[in-house]
Every structure is written in C-alpha cells, then in structure tokens.
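All remarks here apply to the structure that follows.
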Amino acid sequence: MEHGPMGCRLCWRNSEKDQKFCDNEQSKVVNDPGYWGAPAPRVLILGMSKGNTQSDAMSKSWKNGDYDYIPYMGFRPRLLNVLQAVGLLPDVENLDSRIKKTEQTYGWASILRCSLTGRKPDGSYGASSAQVIPAMRRQEVNGWLTECIASHIGGLSRRTQLVVLLGNDDRYMRVVGKAMKDVFGREYEEHPALSPVVFRAGPRFFVHVGHPSPLNGTFREFLEGDKNAGQGKKREMARLGVAGALGKLSGRI
C-alpha cells in the first residue's frame, strides 16, 4: 500500500463511471479509494467507509495539496480519544502528526475503500451508521465489501499485526464477521475469550472499538463507562485484544 489516492477499479471492471447506485438505489458508491500512512503498517486503522464530507474532499482537496487532511475529517480528536482508550498512541496530542506520508507505524483507510452512503427517508444519501450498516448488508454492496477485504486486507504485509475497526455496533460486527469468514474461511477465528469485539483472520488480530463519529451516541460511554457492562466492557475487551495482538500493553505504539 502506498500513501495517496488509489487506482483500484476491481469493483468497476465493466464500467467507466466513478459513481454507481446499488440495490435499487438504496445505496450509492463513489470510486475514490485512498490510503494514508505507512506502506507496511504495524497497526492499521480502518473506518467503515468515507462518507459525503471525505468523498467531497477526495474529489477536490487532494488536488490542492490537502490530501493528508481528508481521513476522519472533523473528528480526529475523538478518534485519538478512542485509540488511547485501548492503549494506542499514548503520547500523541494531535493525529495530524501521524496521518502523513512519512508515518512508519500506522496506516489509515476504510474497510470499504470507495465511498459508501445509504438512502435516507427524505431521498438524500447519508453516511451515518443508520445508513451505512444496512447498505453493507445488501447484496450488491456486500459483494463489493467482500472484494475489498480480499484485495486490500488479504494482501496485507505480514508486518501488520493489528487491525483496528472503527465501529462496535453489534450489527456492524456481524456484517464484518460474515465478510471476513467469506474471504478467509478456516483462517477466520473468533477469539474464545474476547469475542465479540476481537477476532483473528490469517496471521493478524482484528479489534472493534467505539466509532468516533459525533453521531455516535455511545461514544462517551465507550471512553468512560463501567468496565463490566455495555460499551465500557467492550472497551476493556478491545484493550485486551490490542495488548494480545502486539504482545504487550502498547505503551510505545
């Protein structure tokens, strides 16, 4: 993987377009894949997909030299809070310093590299979990998700020990788990002690964490909640998963 816009057209083989409506126009996908950070990351951070804000920036800002500011636009401080809650980047004060071409440890992207939005009741397309998770479950988009996982996660460097997935909604975890099983088959394994937020596929661990979006109503609970219940319990399971993947509590990662 290389820092910069990606030329991937795997899901667009029979089309010259850069935008497509899927599943009877219930979903919209834009061909604008991108990747940021280390070419062979030790830790890979993956959102669900770019939404309208990041997709618009991909079509405009990177041409003006603003490419590094596209991922997680508008909620990077919240993302840093989430990562630090599970033991990552403890000494970092601003993610801008790590989401750049010179980064050597972390990689940044989304599990579905193209931009996905789902149809809202008013006919517009949005990128909140309420739209994106159902879109990922529908037949056509789900096929794209599986293709993306096979290509971009199946081909990861063996240096990548940990993949952090932004989103621990039970519905999202089921969607990702099914897609991973479809791709990795017997190599996919739920962690017997840490499920449902930790699993293994191939040689690496995958850990679900709370999503940092301002639309996530359980964000504060993930950071501060009771470790024995709800989002607080998921946080602690994720923290143990991170430590297990990296072989220690990640004070230097």
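We label chains A, B, ... in the order they appear in the structure tokens, count residues from 1 in each chain, and number ligands from 1 in the order shown.
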> So which residues of region 119-176 of chain A fall under strand (DSSP E) by DSSP, listed as an MDAnalysis selection string?
Replying inline: chainID A and resid 119 125:126 162:166
Residues of region 41-133 of chain A that approach region 171-195 of chain A to 9 Å or less, counting only C-alpha atoms: could you list each one with the shortest pair of atoms and its distance in Å to one decimal, rows by chain and increasing residue number, as a tab-separated table?
```
residue	atom	partner	partner_atom	distance
A:Met48	CA	A:Tyr172	CA	8.9
A:Ser129	CA	A:Tyr172	CA	8.4
A:Ile133	CA	A:Tyr172	CA	5.9
```
Can you write out the residues you just picked, keeping C-alpha atoms, as a short mmCIF file (atom, residue, chain, number, x, y, z; two decimals), in the first residue's frame?
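Output file part-v6.cif is given in full below:
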```cif
data_model
loop_
_atom_site.label_atom_id
_atom_site.label_comp_id
_atom_site.auth_asym_id
_atom_site.auth_seq_id
_atom_site.Cartn_x
_atom_site.Cartn_y
_atom_site.Cartn_z
CA MET A 48 -16.36 1.81 7.73
CA SER A 129 -24.27 4.01 10.84
CA ILE A 133 -24.60 -0.65 8.07
#
```
>> Which residues are near Val209 (chain A)? Cut-off 10 Å, only C-alpha atoms, ignore same chain within fewer than 6 positions. Put them as a ChimeraX atom specification.
In response: /A:82-83,85-86,164-169,197-198,219,222,231,234-239
>> Need the shell around region 119-122 of chain A: protein/DNA/RNA residues with any atom at most 12 Å away, counting only C-alpha atoms. Skip same-chain ones fewer than 6 positions apart. Format as a ChimeraX atom specification?
In response: /A:21-29,128-135
As a PDB file with C-alpha atoms, in the first residue's frame, please: the residues near Arg9 (chain A) (cut-off 10 Å, only C-alpha atoms, same-chain neighbours under 2 positions excluded).
```pdb
ATOM      1  CA  MET A   6      -5.550   4.507  -5.172  1.00  0.00           C
ATOM      2  CA  GLY A   7      -6.226   3.398  -8.738  1.00  0.00           C
ATOM      3  CA  CYS A  11     -15.460  -3.497  -8.498  1.00  0.00           C
ATOM      4  CA  TRP A  12     -15.813  -1.272 -11.572  1.00  0.00           C
ATOM      5  CA  ARG A  13     -14.484  -3.652 -14.229  1.00  0.00           C
ATOM      6  CA  ASN A  14     -17.417  -3.207 -16.593  1.00  0.00           C
ATOM      7  CA  SER A  15     -17.968   0.491 -16.040  1.00  0.00           C
ATOM      8  CA  GLU A  16     -16.153   3.703 -16.870  1.00  0.00           C
ATOM      9  CA  ASP A  18     -16.975   6.890 -10.963  1.00  0.00           C
ATOM     10  CA  ASN A  31     -14.929   5.237  -6.803  1.00  0.00           C
ATOM     11  CA  ASP A  32     -12.407   7.311  -4.844  1.00  0.00           C
ATOM     12  CA  PRO A  33     -10.274   4.842  -2.840  1.00  0.00           C
ATOM     13  CA  CYS A 114     -14.644   3.527  -2.033  1.00  0.00           C
TER      14      CYS A 114
END
```
>> I need the residues in region 69-203 of chain A that are alpha helix (DSSP H) according to DSSP; give them as a PyMOL selection string.
In response: chain A and resi 76-85+129-137+139-148+170-184
> Got a sec: who's within 12 Å of region 159-163 of chain A, counting only C-alpha atoms, leaving out chain neighbours fewer than 2 positions off, as a ChimeraX atom specification?
Replying inline: /A:1,38-47,83,88,104-111,153-157,165-166,197-209,238-239,241-247,250,253
With N, CA and C atoms retained, export the selected residues as a compact mmCIF listing (two decimals), in the first residue's frame.
```
# COMPACT_ATOMS: atom_id res chain seq x y z
N MET A 1 0.84 -1.19 0.00
CA MET A 1 0.00 0.00 0.00
C MET A 1 0.87 1.24 0.00
N ALA A 38 1.88 4.50 6.70
CA ALA A 38 2.97 3.55 6.46
C ALA A 38 2.61 2.57 5.35
N PRO A 39 3.54 2.30 4.43
CA PRO A 39 3.26 1.34 3.35
C PRO A 39 3.09 -0.09 3.85
N ALA A 40 3.72 -0.41 4.95
CA ALA A 40 3.56 -1.73 5.59
C ALA A 40 3.34 -1.49 7.08
N PRO A 41 2.13 -1.06 7.47
CA PRO A 41 1.91 -0.63 8.85
C PRO A 41 1.96 -1.78 9.84
N ARG A 42 2.40 -1.49 11.03
CA ARG A 42 2.27 -2.46 12.11
C ARG A 42 0.84 -2.47 12.64
N VAL A 43 0.23 -1.29 12.65
CA VAL A 43 -1.16 -1.13 13.09
C VAL A 43 -1.94 -0.43 11.98
N LEU A 44 -3.05 -1.01 11.57
CA LEU A 44 -3.90 -0.43 10.52
C LEU A 44 -5.23 -0.02 11.13
N ILE A 45 -5.61 1.24 10.94
CA ILE A 45 -6.88 1.77 11.45
C ILE A 45 -7.85 1.88 10.28
N LEU A 46 -9.02 1.26 10.39
CA LEU A 46 -9.98 1.25 9.29
C LEU A 46 -11.34 1.75 9.75
N GLY A 47 -11.83 2.83 9.12
CA GLY A 47 -13.21 3.24 9.30
C GLY A 47 -14.13 2.33 8.49
N LEU A 83 -8.55 5.64 20.38
CA LEU A 83 -7.34 4.84 20.28
C LEU A 83 -6.58 4.82 21.60
N LEU A 88 -3.40 2.68 22.58
CA LEU A 88 -2.59 3.08 21.44
C LEU A 88 -2.27 4.58 21.48
N GLN A 104 5.55 5.65 9.77
CA GLN A 104 6.16 4.33 9.60
C GLN A 104 5.47 3.21 10.37
N THR A 105 4.57 3.54 11.29
CA THR A 105 3.95 2.51 12.14
C THR A 105 2.47 2.32 11.85
N TYR A 106 1.75 3.40 11.60
CA TYR A 106 0.30 3.34 11.44
C TYR A 106 -0.12 3.55 9.98
N GLY A 107 -1.16 2.81 9.59
CA GLY A 107 -1.82 3.03 8.32
C GLY A 107 -3.26 3.42 8.58
N TRP A 108 -3.86 4.19 7.64
CA TRP A 108 -5.20 4.75 7.85
C TRP A 108 -6.01 4.63 6.57
N ALA A 109 -7.20 4.09 6.65
CA ALA A 109 -8.06 3.96 5.48
C ALA A 109 -9.46 3.58 5.96
N SER A 110 -10.22 2.91 5.11
CA SER A 110 -11.53 2.39 5.49
C SER A 110 -11.66 0.97 4.97
N ILE A 111 -12.49 0.19 5.63
CA ILE A 111 -12.61 -1.21 5.23
C ILE A 111 -13.17 -1.33 3.82
N ILE A 153 -7.13 -6.34 2.44
CA ILE A 153 -6.77 -6.92 3.74
C ILE A 153 -6.10 -8.28 3.54
N GLY A 154 -6.59 -9.05 2.60
CA GLY A 154 -5.97 -10.34 2.31
C GLY A 154 -4.54 -10.19 1.83
N GLY A 155 -4.22 -9.03 1.24
CA GLY A 155 -2.88 -8.80 0.73
C GLY A 155 -1.99 -7.98 1.63
N LEU A 156 -2.35 -7.83 2.91
CA LEU A 156 -1.56 -7.03 3.83
C LEU A 156 -0.18 -7.64 4.07
N SER A 157 0.78 -6.77 4.36
CA SER A 157 2.11 -7.22 4.77
C SER A 157 2.01 -8.01 6.08
N LEU A 165 -10.82 -1.73 13.88
CA LEU A 165 -12.02 -1.43 13.10
C LEU A 165 -12.88 -0.44 13.88
N LEU A 166 -13.13 0.72 13.28
CA LEU A 166 -13.92 1.76 13.94
C LEU A 166 -15.40 1.42 13.82
N VAL A 197 -15.74 -8.60 20.24
CA VAL A 197 -15.06 -7.46 19.64
C VAL A 197 -13.68 -7.79 19.09
N VAL A 198 -13.20 -9.02 19.28
CA VAL A 198 -11.88 -9.42 18.82
C VAL A 198 -11.98 -10.70 18.00
N PHE A 199 -11.34 -10.73 16.86
CA PHE A 199 -11.25 -11.97 16.10
C PHE A 199 -9.91 -12.02 15.38
N ARG A 200 -9.64 -13.17 14.82
CA ARG A 200 -8.38 -13.35 14.10
C ARG A 200 -8.69 -13.84 12.70
N ALA A 201 -7.97 -13.30 11.71
CA ALA A 201 -8.12 -13.74 10.33
C ALA A 201 -6.73 -13.77 9.72
N GLY A 202 -6.29 -14.95 9.31
CA GLY A 202 -4.92 -15.07 8.85
C GLY A 202 -3.98 -14.86 10.02
N PRO A 203 -2.87 -14.15 9.83
CA PRO A 203 -1.88 -14.01 10.89
C PRO A 203 -2.11 -12.83 11.83
N ARG A 204 -3.22 -12.13 11.72
CA ARG A 204 -3.36 -10.89 12.49
C ARG A 204 -4.68 -10.81 13.25
N PHE A 205 -4.68 -9.98 14.28
CA PHE A 205 -5.85 -9.74 15.10
C PHE A 205 -6.62 -8.52 14.58
N PHE A 206 -7.93 -8.60 14.72
CA PHE A 206 -8.83 -7.50 14.39
C PHE A 206 -9.60 -7.14 15.66
N VAL A 207 -9.66 -5.84 15.96
CA VAL A 207 -10.30 -5.38 17.18
C VAL A 207 -11.29 -4.27 16.85
N HIS A 208 -12.55 -4.46 17.24
CA HIS A 208 -13.58 -3.43 17.08
C HIS A 208 -13.53 -2.46 18.25
N VAL A 209 -13.60 -1.16 17.96
CA VAL A 209 -13.66 -0.13 19.01
C VAL A 209 -14.85 0.78 18.73
N ALA A 238 -11.59 -4.76 24.05
CA ALA A 238 -10.76 -4.25 22.96
C ALA A 238 -9.34 -3.97 23.43
N ARG A 239 -9.20 -3.43 24.62
CA ARG A 239 -7.87 -3.13 25.16
C ARG A 239 -7.06 -4.42 25.32
N GLY A 241 -7.52 -7.11 23.60
CA GLY A 241 -7.24 -7.57 22.25
C GLY A 241 -6.04 -6.86 21.65
N VAL A 242 -5.95 -5.55 21.86
CA VAL A 242 -4.81 -4.78 21.37
C VAL A 242 -3.52 -5.30 22.02
N ALA A 243 -3.56 -5.48 23.34
CA ALA A 243 -2.38 -5.95 24.06
C ALA A 243 -1.97 -7.33 23.56
N GLY A 244 -2.94 -8.20 23.32
CA GLY A 244 -2.64 -9.55 22.83
C GLY A 244 -2.03 -9.53 21.45
N ALA A 245 -2.56 -8.66 20.59
CA ALA A 245 -2.06 -8.60 19.21
C ALA A 245 -0.62 -8.10 19.16
N LEU A 246 -0.29 -7.15 20.02
CA LEU A 246 1.04 -6.54 19.98
C LEU A 246 2.00 -7.16 20.99
N GLY A 247 1.50 -8.10 21.79
CA GLY A 247 2.37 -8.80 22.72
C GLY A 247 2.64 -8.07 24.01
N SER A 250 0.41 -1.45 24.87
CA SER A 250 1.13 -0.79 23.79
C SER A 250 1.64 0.60 24.16
N ILE A 253 3.41 2.24 21.12
CA ILE A 253 2.78 2.10 19.78
C ILE A 253 1.77 3.20 19.56
```
> Out of A:Leu79, A:Ala127, A:Gly4, A:Ser49, which residue has the shortest atom-to-atom distance to Lys101 (chain A) when counting only C-alpha atoms?
Replying inline: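 Between A:Leu79, A:Ala127, A:Gly4, A:Ser49, the residue approaching Lys101 (chain A) most closely is A:Gly4.
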> Which residues come within 7 Å of Arg76 (chain A), counting only C-alpha atoms, excluding same-chain residues fewer than 4 positions away, as a PyMOL selection string?
Replying inline: chain A and resi 72+80+95
> In Å, with one decimal, what is the gap from CA of Leu215 (chain A) to CA of Gly118 (chain A)?
Replying inline: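 Between CA of Leu215 (chain A) and CA of Gly118 (chain A) the gap works out to 15.3 Å.
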